[in-house]
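Written out below as structure tokens is the structure these notes cover.
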Amino acid sequence: MWETMRTKRLYINTMGCQMNVYDSDQIRNRLASLGYVPVDAPEGADLIIVNTCAIRDKAEQKAFSFLGRLAPLKTVKPDLIIGIGGCVAQQEGRKILSRMPYVDLVFGTHAIARLPRTIERISATRCRVVDVALSEGVEAEDFVSGPLVTSDVSAFVTIMRGCDNYCTYCVVPYVRGRESSRAPDAILDEIRHLVNHGVREVTLLGQNVNSYGLKEGLPGFDQLLEQVNRVEGLARIRFTTSHPKDLSDALMHAFGRLEKLCPHIHLPVQSGSDVVLKRMNRRYSSGQYLEKVARLRQIRPEMAITSDIIVGFPGESEQDFAATLELIRQVRFDSLFAFIYSDRPNAPAVRFDGKIAEAVKKERLQRVLAFQERITAQKHQAMIGDVHLVLVDGPSKHPSSTADSPPSDGQSEPGQWAGRTGGNKIVHFAGEGQAGAPNQILTGRMMPIMIERAMAHSLWGRPVPDPRASAVEGEPLCCIKPAWPV
Ligand code: SAH
Ligand code: SF4
Ligand code: F3S
């Protein structure tokens, strides 16, 4: 009895996207029932889980190199259990067991609900397990894992899993299975639960949230947002990711109607060339993308728009690449994630002609990044003097300078705080609660901040009195000048 209830140490290394972050939280919660307590280092742990990402070759290599470093720990502690989960586990399955003899468990992206039973079995029998079956729909038990414990202001909530879009470069449909959506009640219950535990902002997650519920005949994504908007105590709603082809008028109008919905959309465009977009199977043209951007800005003028770009997709000519730069010039994104195209074993583009030389891909990446950096800098400069409502995440992470001399990016000192604007820009500021007052004093509050200085990746500001005092009390408002057409 004592043996089964003994506290055991669980170390999880989470790689990849927010889906994996959410899944790792689920794993922690579920394994708590077996007495596993999270620890910060793999040394001395009883169970190590590596939650992996397969989106690009580099991500996959990172997973294997971390796993490689775990082998000596098994020599020191033979009863250590090592499990590999996530997208690389789903992709490679059984092969991992022969490649890495010290791995005890390979579990796929749909195996999390079964994990406690699997771990119990491994503890009892020391057998090696591969559990990579992909199921069709979403079972209620796939998500509900009991009270989620979090001290964060902001939390992720997965509303759907899988993807049916089959972009030709992408591994996700093969490692996350078919798209399926969670029932709205389960999502709302989870959000209320998080809010009761102090969460003020939720980010709804899915590979393409715009097609939420369509397959299942559930209320559409805009209707789900409307329900989430009514959750009492919740201050802000975000979501990611949106596929441009499925960005409906109803959803665009939600940005004009729902006061908790932050004026930010991550809308990956991938390329500005119609030829490349077609070969990527994205099913929209650059013209259609630009139209949607214009419409969004008409509905919500302060809308921040961010995106993903892939450079060096097979067959991408200099002219195609120029079209991408031209699209960036026209949209003027708030920020961009740019990636070098990487062949994925399951994705069709691996067999496409016209592979681009590594040096050319790197050079294009640098050009995109430099171009966007200038745009971001100009946008940050233009914010100086504006007042933004900032939801305070907590004390700034990298202490170093003083309020009089604003920090360089990501740096500040005790008494300095960090939060985000509705448009998802990071803002540092010096606030009350410094001299000996508890650090949590501003965490979770909505503060009006006057932007005073722009840095490359963040902003520096100063708290100002709110013209509408209620916002300081934590009213669910995203920014000070909303003037939204309805
Ligand atoms: N579902 C999301 C994105 C998931 S992956 C969407 O549709 O937008 C995140 C980003 O990784 C993608 O937007 C794409 O820009 C990039 N990506 C995906 N596969 C890639 C590959 N094989 N090589 C390089 N970048 C890739
Ligand atoms: Fe991948 Fe495309 Fe699905 Fe996004 S929409 S996960 S890029 S297949
Ligand atoms: Fe990576 Fe899997 Fe996410 S491949 S990006 S962890 S869905």
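Going by the structure tokens order, chains are called A, B, ..., each with residues numbered from 1, while ligands are numbered from 1 in the order shown.
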
Give one line per residue of region 269-376 of chain A that approaches region 159-175 of chain A to at most 6 Å, naming the two atoms of the closest pair and their distance in Å to one decimal, counting only C-alpha atoms; sort by chain then ascending residue number and deliver it as a tab-separated table.
residue	atom	partner	partner_atom	distance
A:Met280	CA	A:Thr168	CA	5.0
A:Asn281	CA	A:Cys167	CA	5.1
A:Ala347	CA	A:Tyr169	CA	5.5
A:Pro348	CA	A:Thr168	CA	5.2
A:Ala349	CA	A:Tyr169	CA	5.2

Output N, CA, C and O atoms for every residue in the selection just made, as a PDB file, in the first residue's frame.
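Now in selection.pdb:
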ATOM      1  N   MET A 280       1.336  24.139 -52.194  1.00  0.00           N
ATOM      2  CA  MET A 280       1.252  23.851 -50.757  1.00  0.00           C
ATOM      3  C   MET A 280      -0.135  23.305 -50.362  1.00  0.00           C
ATOM      4  O   MET A 280      -0.350  22.917 -49.231  1.00  0.00           O
ATOM      5  N   ASN A 281      -1.092  23.365 -51.318  1.00  0.00           N
ATOM      6  CA  ASN A 281      -2.481  22.981 -51.047  1.00  0.00           C
ATOM      7  C   ASN A 281      -3.125  23.849 -49.969  1.00  0.00           C
ATOM      8  O   ASN A 281      -3.847  23.355 -49.095  1.00  0.00           O
ATOM      9  N   ALA A 347       4.978  13.756 -45.436  1.00  0.00           N
ATOM     10  CA  ALA A 347       4.261  14.807 -46.167  1.00  0.00           C
ATOM     11  C   ALA A 347       4.591  14.746 -47.663  1.00  0.00           C
ATOM     12  O   ALA A 347       5.732  14.489 -48.042  1.00  0.00           O
ATOM     13  N   PRO A 348       3.585  14.972 -48.545  1.00  0.00           N
ATOM     14  CA  PRO A 348       3.779  14.808 -49.992  1.00  0.00           C
ATOM     15  C   PRO A 348       4.930  15.627 -50.576  1.00  0.00           C
ATOM     16  O   PRO A 348       5.581  15.183 -51.515  1.00  0.00           O
ATOM     17  N   ALA A 349       5.204  16.826 -50.026  1.00  0.00           N
ATOM     18  CA  ALA A 349       6.219  17.699 -50.638  1.00  0.00           C
ATOM     19  C   ALA A 349       7.612  17.079 -50.619  1.00  0.00           C
ATOM     20  O   ALA A 349       8.494  17.516 -51.359  1.00  0.00           O
TER      21      ALA A 349
END

Which neighbours of Ala89 (chain A) fall inside 8 Å, counting only C-alpha atoms, when residues of the same chain fewer than 6 positions from it are skipped, and could you give them as a PyMOL selection string? chain A and resi 52+96+106-108+132

Can you write out as JSON lines which residues of chain A fall within 7 Å of ligand 3, alongside each residue's closest atom pair and its distance in Å to one decimal, counting only C-alpha atoms and all ligand atoms and ordering rows by chain and ascending residue number?
{"residue": "A:Met15", "atom": "CA", "partner": "ligand 3", "partner_atom_place_in_ligand_line": "6 (S)", "distance": 6.7}
{"residue": "A:Gly16", "atom": "CA", "partner": "ligand 3", "partner_atom_place_in_ligand_line": "6 (S)", "distance": 4.1}
{"residue": "A:Cys17", "atom": "CA", "partner": "ligand 3", "partner_atom_place_in_ligand_line": "3 (Fe)", "distance": 4.1}
{"residue": "A:Gln18", "atom": "CA", "partner": "ligand 3", "partner_atom_place_in_ligand_line": "3 (Fe)", "distance": 6.8}
{"residue": "A:Met19", "atom": "CA", "partner": "ligand 3", "partner_atom_place_in_ligand_line": "3 (Fe)", "distance": 5.7}
{"residue": "A:Asn20", "atom": "CA", "partner": "ligand 3", "partner_atom_place_in_ligand_line": "6 (S)", "distance": 5.4}
{"residue": "A:Thr52", "atom": "CA", "partner": "ligand 3", "partner_atom_place_in_ligand_line": "6 (S)", "distance": 6.1}
{"residue": "A:Cys53", "atom": "CA", "partner": "ligand 3", "partner_atom_place_in_ligand_line": "1 (Fe)", "distance": 3.7}
{"residue": "A:Ala54", "atom": "CA", "partner": "ligand 3", "partner_atom_place_in_ligand_line": "4 (S)", "distance": 4.0}
{"residue": "A:Ile55", "atom": "CA", "partner": "ligand 3", "partner_atom_place_in_ligand_line": "4 (S)", "distance": 4.0}
{"residue": "A:Gly86", "atom": "CA", "partner": "ligand 3", "partner_atom_place_in_ligand_line": "2 (Fe)", "distance": 6.5}
{"residue": "A:Cys87", "atom": "CA", "partner": "ligand 3", "partner_atom_place_in_ligand_line": "2 (Fe)", "distance": 4.7}
{"residue": "A:Val171", "atom": "CA", "partner": "ligand 3", "partner_atom_place_in_ligand_line": "4 (S)", "distance": 6.5}
{"residue": "A:Val172", "atom": "CA", "partner": "ligand 3", "partner_atom_place_in_ligand_line": "7 (S)", "distance": 5.5}
{"residue": "A:Val175", "atom": "CA", "partner": "ligand 3", "partner_atom_place_in_ligand_line": "2 (Fe)", "distance": 6.9}
{"residue": "A:Arg176", "atom": "CA", "partner": "ligand 3", "partner_atom_place_in_ligand_line": "7 (S)", "distance": 6.5}

Need the shell around Ile310 (chain A): protein/DNA/RNA residues with any atom at most 7 Å away, counting only C-alpha atoms. Skip same-chain ones fewer than 5 positions apart. Format as an MDAnalysis selection string? chainID A and resid 270:271 338:341

Would you mind exporting the chosen residues as a PDB file, in the first residue's frame, restricted to C-alpha atoms?
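What follows is the written file part_6.pdb:
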ATOM      1  CA  GLN A 270       3.011  30.717 -45.689  1.00  0.00           C
ATOM      2  CA  SER A 271       3.754  32.361 -49.061  1.00  0.00           C
ATOM      3  CA  ALA A 338       9.577  32.502 -40.672  1.00  0.00           C
ATOM      4  CA  PHE A 339      10.808  28.958 -41.288  1.00  0.00           C
ATOM      5  CA  ILE A 340      13.096  27.262 -43.735  1.00  0.00           C
ATOM      6  CA  TYR A 341      11.203  24.525 -45.565  1.00  0.00           C
TER       7      TYR A 341
END

If you run DSSP on the backbone, which residues of region 135-313 of chain A are helix (DSSP H, G or I), as number ranges by chain? A: 140-142, 172-176, 184-196, 209-211, 221-229, 244-246, 249-257, 274-279, 286-299

Name all residues at most 6 Å from Gly394 (chain A) (count only C-alpha atoms; drop same-chain ones fewer than 4 positions away) and give them as JSON, numbers by chain. {"A": [417, 418, 443]}
